[in-house]
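Colleague: Next comes run_1.cif, mmCIF, C-alpha atoms and all ligand atoms:
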data_data
loop_
_atom_site.group_PDB
_atom_site.id
_atom_site.type_symbol
_atom_site.label_atom_id
_atom_site.label_comp_id
_atom_site.auth_asym_id
_atom_site.auth_seq_id
_atom_site.Cartn_x
_atom_site.Cartn_y
_atom_site.Cartn_z
ATOM 1 C CA MET I 14 37.662 -12.500 0.529
ATOM 2 C CA ALA I 15 34.231 -12.935 -0.975
ATOM 3 C CA ILE I 16 31.552 -11.230 1.079
ATOM 4 C CA GLU I 17 28.121 -12.814 1.031
ATOM 5 C CA LYS I 18 25.551 -10.476 -0.435
ATOM 6 C CA ILE I 19 22.548 -9.943 1.819
ATOM 7 C CA SER I 20 19.293 -9.489 -0.059
ATOM 8 C CA HIS I 21 16.372 -7.613 1.423
ATOM 9 C CA ALA I 22 14.147 -8.299 -1.566
ATOM 10 C CA THR I 23 10.594 -9.279 -0.627
ATOM 11 C CA ASP I 24 7.722 -10.771 -2.633
ATOM 12 C CA GLU I 25 5.850 -7.466 -2.653
ATOM 13 C CA VAL I 26 5.781 -5.915 -6.125
ATOM 14 C CA VAL I 27 6.348 -2.192 -5.717
ATOM 15 C CA LEU I 28 6.692 -1.282 -9.387
ATOM 16 C CA GLU I 29 5.543 -2.934 -12.581
ATOM 17 C CA LEU I 30 6.049 -1.724 -16.129
ATOM 18 C CA GLU I 31 4.318 -3.405 -19.021
ATOM 19 C CA GLY I 32 5.090 -2.665 -22.641
ATOM 20 C CA VAL I 33 6.515 0.791 -21.998
ATOM 21 C CA SER I 34 7.634 2.481 -25.224
ATOM 22 C CA LYS I 35 8.988 5.928 -25.970
ATOM 23 C CA PHE I 36 9.711 7.467 -29.349
ATOM 24 C CA PHE I 37 11.553 10.654 -30.214
ATOM 25 C CA GLY I 38 10.559 11.264 -33.823
ATOM 26 C CA PRO I 39 12.095 8.374 -35.750
ATOM 27 C CA VAL I 40 14.157 7.213 -32.762
ATOM 28 C CA THR I 41 12.829 4.347 -30.672
ATOM 29 C CA ALA I 42 14.285 5.196 -27.275
ATOM 30 C CA LEU I 43 12.355 2.393 -25.520
ATOM 31 C CA SER I 44 10.494 -0.512 -27.080
ATOM 32 C CA ARG I 45 7.913 -2.506 -25.075
ATOM 33 C CA ILE I 46 9.830 -2.617 -21.805
ATOM 34 C CA ASP I 47 8.529 -4.949 -19.087
ATOM 35 C CA LEU I 48 9.982 -4.570 -15.612
ATOM 36 C CA THR I 49 9.100 -5.759 -12.130
ATOM 37 C CA LEU I 50 10.660 -4.388 -8.962
ATOM 38 C CA HIS I 51 10.096 -5.843 -5.497
ATOM 39 C CA ARG I 52 10.220 -4.012 -2.192
ATOM 40 C CA GLY I 53 13.749 -4.003 -0.819
ATOM 41 C CA GLU I 54 15.219 -5.164 -4.104
ATOM 42 C CA VAL I 55 18.198 -3.562 -5.831
ATOM 43 C CA LEU I 56 17.839 -3.687 -9.599
ATOM 44 C CA ALA I 57 20.740 -2.704 -11.820
ATOM 45 C CA LEU I 58 19.766 -1.014 -15.069
ATOM 46 C CA LEU I 59 22.590 -1.584 -17.508
ATOM 47 C CA GLY I 60 23.332 -0.715 -21.096
ATOM 48 C CA ASP I 61 25.682 1.132 -23.383
ATOM 49 C CA ASN I 62 25.275 4.820 -24.223
ATOM 50 C CA GLY I 63 22.006 5.374 -26.065
ATOM 51 C CA ALA I 64 20.467 2.162 -24.730
ATOM 52 C CA GLY I 65 17.522 4.023 -23.209
ATOM 53 C CA LYS I 66 18.459 4.060 -19.513
ATOM 54 C CA SER I 67 17.980 7.777 -18.946
ATOM 55 C CA THR I 68 14.733 7.776 -20.903
ATOM 56 C CA LEU I 69 13.399 5.042 -18.629
ATOM 57 C CA VAL I 70 14.528 6.985 -15.568
ATOM 58 C CA ARG I 71 12.814 10.124 -16.854
ATOM 59 C CA ILE I 72 9.578 8.212 -17.404
ATOM 60 C CA LEU I 73 9.747 6.858 -13.845
ATOM 61 C CA SER I 74 10.459 10.370 -12.535
ATOM 62 C CA GLY I 75 7.551 11.992 -14.339
ATOM 63 C CA LEU I 76 9.737 13.994 -16.726
ATOM 64 C CA HIS I 77 8.656 12.049 -19.855
ATOM 65 C CA LYS I 78 5.345 10.423 -20.622
ATOM 66 C CA PRO I 79 5.504 7.000 -22.249
ATOM 67 C CA ASP I 80 3.940 6.686 -25.708
ATOM 68 C CA ALA I 81 2.664 3.210 -24.871
ATOM 69 C CA GLY I 82 2.500 0.815 -21.958
ATOM 70 C CA THR I 83 1.472 0.974 -18.330
ATOM 71 C CA ILE I 84 3.120 1.766 -15.005
ATOM 72 C CA SER I 85 1.776 0.379 -11.748
ATOM 73 C CA VAL I 86 2.970 1.353 -8.283
ATOM 74 C CA SER I 87 2.082 -1.141 -5.568
ATOM 75 C CA GLY I 88 -0.475 -2.706 -7.872
ATOM 76 C CA VAL I 89 -2.207 0.537 -8.822
ATOM 77 C CA GLN I 90 -1.901 1.731 -12.399
ATOM 78 C CA THR I 91 -0.669 5.305 -12.475
ATOM 79 C CA GLN I 92 0.299 8.033 -14.902
ATOM 80 C CA PHE I 93 2.964 10.529 -13.970
ATOM 81 C CA GLN I 94 2.126 13.869 -15.556
ATOM 82 C CA ARG I 95 4.947 15.682 -13.781
ATOM 83 C CA PRO I 96 7.771 15.011 -11.304
ATOM 84 C CA GLN I 97 5.541 15.783 -8.324
ATOM 85 C CA ASP I 98 3.358 12.810 -9.286
ATOM 86 C CA ALA I 99 6.313 10.406 -9.158
ATOM 87 C CA ARG I 100 7.386 11.854 -5.812
ATOM 88 C CA ALA I 101 3.869 11.512 -4.494
ATOM 89 C CA ALA I 102 4.078 7.827 -5.468
ATOM 90 C CA GLY I 103 7.158 7.542 -3.242
ATOM 91 C CA ILE I 104 9.735 7.538 -6.050
ATOM 92 C CA GLU I 105 12.815 9.743 -5.687
ATOM 93 C CA THR I 106 15.505 10.141 -8.318
ATOM 94 C CA VAL I 107 19.130 11.158 -7.870
ATOM 95 C CA TYR I 108 20.143 12.493 -11.267
ATOM 96 C CA GLN I 109 23.666 12.406 -12.541
ATOM 97 C CA ASP I 110 24.057 16.159 -12.089
ATOM 98 C CA LEU I 111 22.516 15.860 -8.585
ATOM 99 C CA ALA I 112 20.487 19.047 -8.948
ATOM 100 C CA LEU I 113 21.745 20.528 -5.697
ATOM 101 C CA PHE I 114 21.721 24.254 -5.096
ATOM 102 C CA ASP I 115 25.358 25.192 -4.561
ATOM 103 C CA ASN I 116 24.599 28.319 -2.541
ATOM 104 C CA LEU I 117 22.405 26.465 -0.042
ATOM 105 C CA THR I 118 23.468 24.280 2.868
ATOM 106 C CA ALA I 119 22.919 20.517 2.961
ATOM 107 C CA ALA I 120 19.869 20.899 5.179
ATOM 108 C CA GLU I 121 18.397 23.635 3.012
ATOM 109 C CA ASN I 122 18.900 21.459 -0.050
ATOM 110 C CA PHE I 123 16.750 18.803 1.570
ATOM 111 C CA PHE I 124 13.648 20.902 1.608
ATOM 112 C CA VAL I 125 13.860 23.389 -1.214
ATOM 113 C CA GLY I 126 11.008 22.969 -3.666
ATOM 114 C CA ARG I 127 9.202 20.412 -1.522
ATOM 115 C CA GLU I 128 5.459 20.391 -1.252
ATOM 116 C CA PRO I 129 3.646 21.367 0.829
ATOM 117 C CA TYR I 130 6.397 23.530 2.234
ATOM 118 C CA GLY I 131 7.313 25.290 -0.983
ATOM 119 C CA PRO I 132 9.705 28.201 -0.683
ATOM 120 C CA LYS I 133 8.085 29.379 2.510
ATOM 121 C CA TRP I 134 9.731 26.991 4.899
ATOM 122 C CA MET I 135 12.658 29.247 5.608
ATOM 123 C CA GLY I 136 10.440 32.066 6.781
ATOM 124 C CA VAL I 137 8.002 32.561 9.589
ATOM 125 C CA LEU I 138 5.422 30.485 7.735
ATOM 126 C CA ALA I 139 7.463 27.322 8.274
ATOM 127 C CA PRO I 140 5.245 24.536 9.597
ATOM 128 C CA VAL I 141 6.025 23.172 13.039
ATOM 129 C CA GLY I 142 7.158 19.876 11.476
ATOM 130 C CA PHE I 143 10.150 21.547 9.922
ATOM 131 C CA LYS I 144 12.172 21.706 13.108
ATOM 132 C CA GLU I 145 11.864 17.971 13.505
ATOM 133 C CA MET I 146 12.766 17.384 9.864
ATOM 134 C CA ARG I 147 15.845 19.550 10.234
ATOM 135 C CA ARG I 148 16.885 17.613 13.298
ATOM 136 C CA ARG I 149 16.541 14.324 11.402
ATOM 137 C CA THR I 150 18.461 15.741 8.481
ATOM 138 C CA ALA I 151 21.350 16.813 10.667
ATOM 139 C CA ALA I 152 21.384 13.413 12.388
ATOM 140 C CA ARG I 153 21.415 11.523 9.079
ATOM 141 C CA LEU I 154 24.140 13.709 7.604
ATOM 142 C CA SER I 155 26.374 13.316 10.620
ATOM 143 C CA GLU I 156 26.023 9.517 10.685
ATOM 144 C CA MET I 157 27.091 9.217 7.052
ATOM 145 C CA ALA I 158 30.701 8.267 6.505
ATOM 146 C CA VAL I 159 31.539 11.139 4.191
ATOM 147 C CA GLY I 160 32.637 13.566 6.868
ATOM 148 C CA ILE I 161 30.184 16.431 6.595
ATOM 149 C CA LYS I 162 31.497 18.245 9.643
ATOM 150 C CA ASP I 163 29.654 21.474 9.095
ATOM 151 C CA PRO I 164 26.104 21.006 7.756
ATOM 152 C CA SER I 165 25.725 24.786 7.563
ATOM 153 C CA MET I 166 28.384 25.005 4.836
ATOM 154 C CA PRO I 167 27.095 25.717 1.293
ATOM 155 C CA VAL I 168 27.186 22.447 -0.668
ATOM 156 C CA GLY I 169 29.107 24.227 -3.447
ATOM 157 C CA LEU I 170 32.147 24.044 -1.173
ATOM 158 C CA MET I 171 31.843 20.298 -0.595
ATOM 159 C CA SER I 172 33.533 17.385 -2.337
ATOM 160 C CA GLY I 173 31.844 15.267 -4.996
ATOM 161 C CA GLY I 174 31.328 12.422 -2.558
ATOM 162 C CA GLN I 175 29.784 14.673 0.055
ATOM 163 C CA ARG I 176 27.451 16.164 -2.535
ATOM 164 C CA GLN I 177 26.427 12.730 -3.753
ATOM 165 C CA ALA I 178 25.843 11.610 -0.170
ATOM 166 C CA ILE I 179 23.603 14.615 0.431
ATOM 167 C CA ALA I 180 21.621 13.893 -2.731
ATOM 168 C CA VAL I 181 21.118 10.248 -1.734
ATOM 169 C CA ALA I 182 20.242 11.160 1.851
ATOM 170 C CA ARG I 183 17.730 13.678 0.560
ATOM 171 C CA ALA I 184 16.136 11.023 -1.630
ATOM 172 C CA GLU I 185 16.106 8.660 1.344
ATOM 173 C CA GLN I 186 14.272 11.178 3.477
ATOM 174 C CA PHE I 187 11.396 11.453 1.022
ATOM 175 C CA ALA I 188 11.277 8.105 -0.790
ATOM 176 C CA ARG I 189 8.684 5.718 0.546
ATOM 177 C CA ASN I 190 9.087 3.162 -2.223
ATOM 178 C CA ILE I 191 11.910 3.589 -4.709
ATOM 179 C CA ILE I 192 15.166 5.474 -5.144
ATOM 180 C CA ILE I 193 16.588 5.710 -8.651
ATOM 181 C CA LEU I 194 20.317 6.418 -8.845
ATOM 182 C CA ASP I 195 21.870 7.477 -12.150
ATOM 183 C CA GLU I 196 25.609 6.734 -12.092
ATOM 184 C CA PRO I 197 25.958 7.658 -8.412
ATOM 185 C CA THR I 198 29.710 7.129 -8.173
ATOM 186 C CA ALA I 199 30.872 7.938 -11.712
ATOM 187 C CA ALA I 200 32.635 11.148 -10.684
ATOM 188 C CA LEU I 201 34.008 9.954 -7.336
ATOM 189 C CA GLY I 202 37.349 8.732 -6.060
ATOM 190 C CA VAL I 203 37.870 5.323 -4.479
ATOM 191 C CA ARG I 204 37.234 6.292 -0.858
ATOM 192 C CA GLU I 205 34.239 8.454 -1.616
ATOM 193 C CA THR I 206 32.819 5.723 -3.825
ATOM 194 C CA ARG I 207 33.047 3.324 -0.904
ATOM 195 C CA SER I 208 31.176 5.731 1.362
ATOM 196 C CA VAL I 209 28.393 6.250 -1.153
ATOM 197 C CA VAL I 210 28.165 2.492 -1.796
ATOM 198 C CA GLU I 211 27.662 1.993 1.952
ATOM 199 C CA ILE I 212 24.790 4.483 1.917
ATOM 200 C CA ILE I 213 23.181 2.690 -1.036
ATOM 201 C CA LYS I 214 23.593 -0.640 0.748
ATOM 202 C CA SER I 215 21.687 0.706 3.750
ATOM 203 C CA LEU I 216 18.531 1.510 1.752
ATOM 204 C CA PRO I 217 16.946 -1.933 1.121
ATOM 205 C CA ALA I 218 16.854 -2.796 4.833
ATOM 206 C CA LYS I 219 14.683 0.306 5.254
ATOM 207 C CA GLY I 220 12.174 -1.114 2.789
ATOM 208 C CA ILE I 221 13.326 1.031 -0.095
ATOM 209 C CA SER I 222 13.817 -0.495 -3.534
ATOM 210 C CA VAL I 223 16.696 0.778 -5.642
ATOM 211 C CA ILE I 224 17.135 1.118 -9.386
ATOM 212 C CA LEU I 225 20.837 1.586 -9.982
ATOM 213 C CA ILE I 226 22.327 2.757 -13.246
ATOM 214 C CA THR I 227 26.039 2.106 -13.432
ATOM 215 C CA HIS I 228 28.771 1.322 -15.924
ATOM 216 C CA ASN I 229 30.743 -0.350 -13.166
ATOM 217 C CA MET I 230 30.016 -4.053 -13.527
ATOM 218 C CA GLN I 231 31.652 -4.928 -10.218
ATOM 219 C CA GLN I 232 29.454 -2.398 -8.462
ATOM 220 C CA ALA I 233 26.358 -3.751 -10.189
ATOM 221 C CA THR I 234 27.040 -7.297 -9.067
ATOM 222 C CA GLU I 235 28.085 -6.190 -5.581
ATOM 223 C CA LEU I 236 24.976 -4.115 -4.943
ATOM 224 C CA ALA I 237 22.195 -5.487 -7.090
ATOM 225 C CA ASP I 238 19.981 -8.542 -6.744
ATOM 226 C CA ARG I 239 19.036 -8.525 -10.422
ATOM 227 C CA ALA I 240 20.211 -6.786 -13.558
ATOM 228 C CA ILE I 241 18.224 -5.700 -16.588
ATOM 229 C CA VAL I 242 20.142 -4.965 -19.748
ATOM 230 C CA LEU I 243 18.902 -2.533 -22.378
ATOM 231 C CA ARG I 244 20.295 -2.291 -25.872
ATOM 232 C CA GLN I 245 19.040 0.221 -28.417
ATOM 233 C CA GLY I 246 15.780 0.620 -26.541
ATOM 234 C CA HIS I 247 15.105 -3.095 -26.142
ATOM 235 C CA LYS I 248 15.357 -5.196 -23.031
ATOM 236 C CA VAL I 249 17.832 -7.847 -24.096
ATOM 237 C CA GLY I 250 18.471 -9.540 -20.797
ATOM 238 C CA GLU I 251 17.433 -10.043 -17.218
ATOM 239 C CA VAL I 252 19.791 -11.962 -14.954
ATOM 240 C CA ILE I 253 20.769 -12.504 -11.344
ATOM 241 C CA ALA I 254 23.447 -9.910 -10.583
ATOM 242 C CA SER I 255 26.291 -12.120 -9.443
ATOM 243 C CA PRO I 256 30.021 -11.970 -10.159
ATOM 244 C CA GLU I 257 29.715 -15.283 -12.029
ATOM 245 C CA ASN I 258 27.356 -13.595 -14.484
ATOM 246 C CA GLU I 259 29.538 -10.529 -15.110
ATOM 247 C CA GLN I 260 30.904 -11.795 -18.393
ATOM 248 C CA GLU I 261 27.463 -12.749 -19.629
ATOM 249 C CA ILE I 262 26.097 -9.337 -18.680
ATOM 250 C CA VAL I 263 28.898 -7.575 -20.528
ATOM 251 C CA SER I 264 28.148 -9.692 -23.593
ATOM 252 C CA MET I 265 24.497 -8.654 -23.444
ATOM 253 C CA ILE I 266 25.429 -4.988 -23.116
ATOM 254 C CA VAL I 267 27.649 -5.023 -26.187
ATOM 255 C CA GLY I 268 25.387 -7.346 -28.131
ATOM 256 C CA ALA I 269 27.633 -10.370 -28.443
ATOM 257 C CA THR I 270 24.896 -12.837 -27.524
ATOM 258 C CA GLY I 271 21.957 -13.967 -29.570
ATOM 259 C CA ALA I 272 18.681 -14.726 -27.832
ATOM 260 C CA PRO I 273 17.315 -12.641 -24.941
ATOM 261 C CA HIS I 274 18.086 -14.009 -21.485
ATOM 262 C CA ARG I 275 15.746 -14.503 -18.571
ATOM 263 C CA VAL I 276 16.218 -15.196 -14.882
HETATM 264 N N1 LIG D 301 14.937 14.350 -25.695
HETATM 265 C C1 LIG D 301 15.342 13.549 -26.680
HETATM 266 N N2 LIG D 301 15.114 13.866 -27.977
HETATM 267 C C2 LIG D 301 15.494 13.050 -28.985
HETATM 268 N N3 LIG D 301 16.146 11.874 -28.797
HETATM 269 C C3 LIG D 301 16.389 11.498 -27.549
HETATM 270 C C4 LIG D 301 16.020 12.308 -26.422
HETATM 271 N N4 LIG D 301 16.407 11.663 -25.282
HETATM 272 C C5 LIG D 301 16.994 10.520 -25.691
HETATM 273 N N5 LIG D 301 16.994 10.421 -27.037
HETATM 274 C C6 LIG D 301 17.507 9.287 -27.809
HETATM 275 O O1 LIG D 301 16.963 8.111 -27.260
HETATM 276 C C7 LIG D 301 17.940 7.081 -27.222
HETATM 277 C C8 LIG D 301 18.144 6.611 -25.796
HETATM 278 O O2 LIG D 301 18.817 7.642 -25.068
HETATM 279 P P1 LIG D 301 19.069 7.600 -23.508
HETATM 280 O O3 LIG D 301 17.830 7.197 -22.821
HETATM 281 O O4 LIG D 301 19.659 8.907 -23.129
HETATM 282 O O5 LIG D 301 20.157 6.444 -23.398
HETATM 283 P P2 LIG D 301 21.195 6.104 -22.223
HETATM 284 O O6 LIG D 301 20.814 6.879 -21.012
HETATM 285 O O7 LIG D 301 21.089 4.633 -22.040
HETATM 286 O O8 LIG D 301 22.541 6.507 -22.718
HETATM 287 C C9 LIG D 301 19.188 7.638 -27.871
HETATM 288 O O9 LIG D 301 19.172 7.297 -29.235
HETATM 289 C C10 LIG D 301 19.008 9.130 -27.685
HETATM 290 O O10 LIG D 301 19.677 9.840 -28.696
HETATM 291 MG MG MG D 302 21.952 8.304 -19.937
#
Go ahead and render the structure in this file as structure tokens.
Ligand SMILES: Nc1ncnc2c1ncn2[C@@H]1O[C@H](COP(=O)(O)OP(=O)(O)O)[C@@H](O)[C@H]1O
Ligand SMILES: [Mg+2]

Modeller:
Amino acid sequence: MAIEKISHATDEVVLELEGVSKFFGPVTALSRIDLTLHRGEVLALLGDNGAGKSTLVRILSGLHKPDAGTISVSGVQTQFQRPQDARAAGIETVYQDLALFDNLTAAENFFVGREPYGPKWMGVLAPVGFKEMRRRTAARLSEMAVGIKDPSMPVGLMSGGQRQAIAVARAEQFARNIIILDEPTAALGVRETRSVVEIIKSLPAKGISVILITHNMQQATELADRAIVLRQGHKVGEVIASPENEQEIVSMIVGATGAPHRV
């Protein structure tokens, strides 16, 4: 049965890239990329290996600086010098390797390395707000359908789906504008994938925009409003992410079509 996709995309532009380029020596990782993301929109970022997806994610996370082009968040041109700057702009990234600390619990993973708390939050210097944050963390973790029964268990002992859920929930707690997900279900089984997909689906209604990198075309068209296709550093297509367009999107990814496509 076909389920109607509900879009929460608004007219508000939360992110705009114009002419963003990135070079690594002789390699053009990204060439003059334009991109617009609206509040509540889910944008799939698609492309074969080496297309430039991770480079774009790193630029939006403050890990790389673009060699050319501009980035605007909510209409204000910004430069991310470091990851903290992207976070301060309300952008959270869930990397493929998740970057969780295996020896810490889910709740501890939420707050480690966070400003202004820093490493002090566990000690007596913890600000009063921490108790409330911990309560919210526990509530969010228990409502997620991945069965985290014991939030005090080190995440190293949890399943891939549970770890991914924690990483997404952590991003959700801190993201005011955008969550970027790099292959969020690549390493998961069918049931865990479904749970994580449900979590992703819940984000746009909360006013969060999502940039989703996936190789799973069905997932892209199920979750995303739009899809942008990169090939060898160039944006070669931008289409409505619908099942009817799957074949066309695949053609753009592998380079079987000629002219660039537009919505
Ligand atoms: N740190 C780096 N140094 C040199 N080349 C890089 C670096 N990161 C990415 N590249 C190159 O940039 C291109 C795009 O890579 P990447 O963004 O990782 O693509 P994708 O994530 O789509 O697979 C590739 O040719 C890759 O080899
Ligand atoms: Mg990559």

Colleague: Which residue gives the smallest distance to Gly173 of chain I among I:Val33, I:Ile192, I:Ile161, I:Ile221, with only C-alpha atoms counted?

Modeller: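 The closest residue to Gly173 of chain I is I:Ile161.
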
Colleague: Given a cut-off of 10 Å, what residues near ligand MG 302 (chain D) show up using all atoms listed in the file, put as a list in words?

Modeller: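 With all atoms listed in the file and a cut-off of 10 Å, ligand MG 302 (chain D) is contacted by Gly60, Asp61, Asn62, Gly63, Ala64, Gly65, Lys66, Ser67, Thr68, Leu69, Val70, Arg71, Tyr108, Gln109, Asp195, Glu196, Ile226 and Thr227 of chain I.
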
Colleague: What does the distance from atom CA of His247 of chain I to atom CA of Ile224 of chain I come to in Å, to one decimal?

Modeller: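 Distance between the two atoms: 17.4 Å.
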
Colleague: Please report, as JSON, the centre and edge lengths in Å to one decimal of an axis-aligned box covering all listed atoms of ligand LIG 301 (chain D) with 8 Å per side.

Modeller:
{"center_x": 18.7, "center_y": 9.5, "center_z": -25.1, "size_x": 23.6, "size_y": 25.7, "size_z": 24.2}

Colleague: Which residue gives the smallest distance to ligand LIG 301 (chain D) among I:Ala240, I:Leu30, I:Leu58, I:Leu50, with only C-alpha atoms and all ligand atoms counted?

Modeller: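 Nearest to ligand LIG 301 (chain D): I:Leu58.
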
Colleague: Using only C-alpha atoms, determine which residues lie at most 6 Å from segment 85-92 of chain I, disregarding the query and same-chain residues fewer than 5 positions distant; provide the list as an mmCIF file with C-alpha atoms, keeping the file's coordinate frame.

Modeller:
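In the end it all went to part_33.cif:
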data_model
loop_
_atom_site.group_PDB
_atom_site.id
_atom_site.type_symbol
_atom_site.label_atom_id
_atom_site.label_comp_id
_atom_site.auth_asym_id
_atom_site.auth_seq_id
_atom_site.Cartn_x
_atom_site.Cartn_y
_atom_site.Cartn_z
ATOM 1 C CA VAL I 27 6.348 -2.192 -5.717
ATOM 2 C CA LEU I 28 6.692 -1.282 -9.387
ATOM 3 C CA GLU I 29 5.543 -2.934 -12.581
#

Colleague: Write out as a list in words which residues come within 9 Å of segment 256-272 of chain I when counting only C-alpha atoms, dropping same-chain ones fewer than 4 positions away.

Modeller: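 The residues that qualify are Leu59, Gly60, Asp61, Ala64, Met230, Gln231, Ala233, Thr234, Glu235, Ala240, Ile241, Val242, Leu243, Arg244, Val249, Gly250, Glu251 and Val252 of chain I.
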
Colleague: For atom CA of Pro164 of chain I and atom CA of Thr198 of chain I, quote the distance in Å rounded to one decimal.

Modeller: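 Straight-line distance from atom CA of Pro164 of chain I to atom CA of Thr198 of chain I works out to 21.4 Å.
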
Colleague: Do you have the atom C3 of ligand LIG 301 (chain D)-atom CA of Val107 of chain I distance handy?

Modeller: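 Distance between the two atoms: 19.9 Å.
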
Colleague: Can you tell me which residues surround Ser20 of chain I at a distance of at most 9 Å, considering only C-alpha atoms, apart from same-chain residues fewer than 4 positions away, and format the answer as a list in words?

Modeller: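 Selected residues are Gly53, Glu54, Val55, Pro217, Ala218, Ala237 and Asp238 of chain I.
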
Colleague: Going by the chain IDs and residue numbers used in this file, which residues fall under the PyMOL selection byres (((chain I and resi 95) around 9) and not hetatm)? Write them as JSON, numbers by chain.

Modeller: {"I": [74, 75, 76, 77, 78, 93, 94, 96, 97, 98, 99]}

Colleague: Pick the closest to Leu194 of chain I from I:Leu113, I:Arg149, I:Met166, I:Ala57: which is it, counting only C-alpha atoms?

Modeller: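 Once distances to Leu194 of chain I are computed over only C-alpha atoms, the minimum belongs to I:Ala57.
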
Colleague: Have a look at I:Pro197, I:Ile213, I:Lys35, I:Arg239 and name the one nearest to ligand LIG 301 (chain D); count all atoms listed in the file.

Modeller: I:Lys35

Colleague: List the residues selected by the PyMOL selection byres (((chain I and resi 114) around 10) and not hetatm) in the file shown, writing them as JSON, numbers by chain.

Modeller: {"I": [111, 112, 113, 115, 116, 117, 118, 119, 121, 122, 123, 125, 167, 168, 169]}

Colleague: Go through I:Gly32, I:Gly202, I:Gly174, I:Gly246 and flag the residue nearest ligand LIG 301 (chain D), using only C-alpha atoms and all ligand atoms for the distances.

Modeller: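 Among I:Gly32, I:Gly202, I:Gly174, I:Gly246, it is I:Gly246 that comes nearest to ligand LIG 301 (chain D).
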
Colleague: With all atoms listed in the file as the basis for distance, which of I:Lys214, I:Ile72, I:Lys248, I:Pro79 is at the shortest distance from Lys18 of chain I?

Modeller: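 Using all atoms listed in the file, the shortest distance to Lys18 of chain I belongs to I:Lys214.
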
Colleague: So what does the PyMOL selection byres (((chain I and resi 210) around 10) and not hetatm) actually pick up in this one, as a PyMOL selection string?

Modeller: chain I and resi 178+197-198+204-209+211-215+232+235-236

Colleague: Reconstruct N, CA and C atoms of segment 238-250 of chain I from the incomplete input and present them as a compact mmCIF listing (two decimals), in the frame of the given file.

Modeller:
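Listing of result.txt after writing:
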# COMPACT_ATOMS: atom_id res chain seq x y z
N ASP I 238 20.51 -7.18 -6.76
CA ASP I 238 19.98 -8.54 -6.74
C ASP I 238 19.82 -9.05 -8.17
N ARG I 239 19.28 -8.18 -9.02
CA ARG I 239 19.04 -8.52 -10.42
C ARG I 239 19.58 -7.44 -11.32
N ALA I 240 19.78 -7.78 -12.58
CA ALA I 240 20.21 -6.79 -13.56
C ALA I 240 19.34 -6.91 -14.80
N ILE I 241 18.95 -5.75 -15.32
CA ILE I 241 18.22 -5.70 -16.59
C ILE I 241 19.13 -4.98 -17.58
N VAL I 242 19.26 -5.55 -18.74
CA VAL I 242 20.14 -4.96 -19.75
C VAL I 242 19.32 -4.43 -20.91
N LEU I 243 19.54 -3.16 -21.23
CA LEU I 243 18.90 -2.53 -22.38
C LEU I 243 19.92 -2.38 -23.50
N ARG I 244 19.44 -2.58 -24.71
CA ARG I 244 20.30 -2.29 -25.87
C ARG I 244 19.43 -1.70 -26.96
N GLN I 245 19.78 -0.50 -27.37
CA GLN I 245 19.04 0.22 -28.42
C GLN I 245 17.53 0.21 -28.15
N GLY I 246 17.19 0.48 -26.90
CA GLY I 246 15.78 0.62 -26.54
C GLY I 246 15.06 -0.67 -26.23
N HIS I 247 15.74 -1.80 -26.41
CA HIS I 247 15.10 -3.10 -26.14
C HIS I 247 15.69 -3.71 -24.88
N LYS I 248 14.84 -4.41 -24.15
CA LYS I 248 15.36 -5.20 -23.03
C LYS I 248 15.91 -6.50 -23.60
N VAL I 249 17.20 -6.67 -23.48
CA VAL I 249 17.83 -7.85 -24.10
C VAL I 249 18.24 -8.88 -23.06
N GLY I 250 18.09 -8.55 -21.79
CA GLY I 250 18.47 -9.54 -20.80
C GLY I 250 18.00 -9.18 -19.42
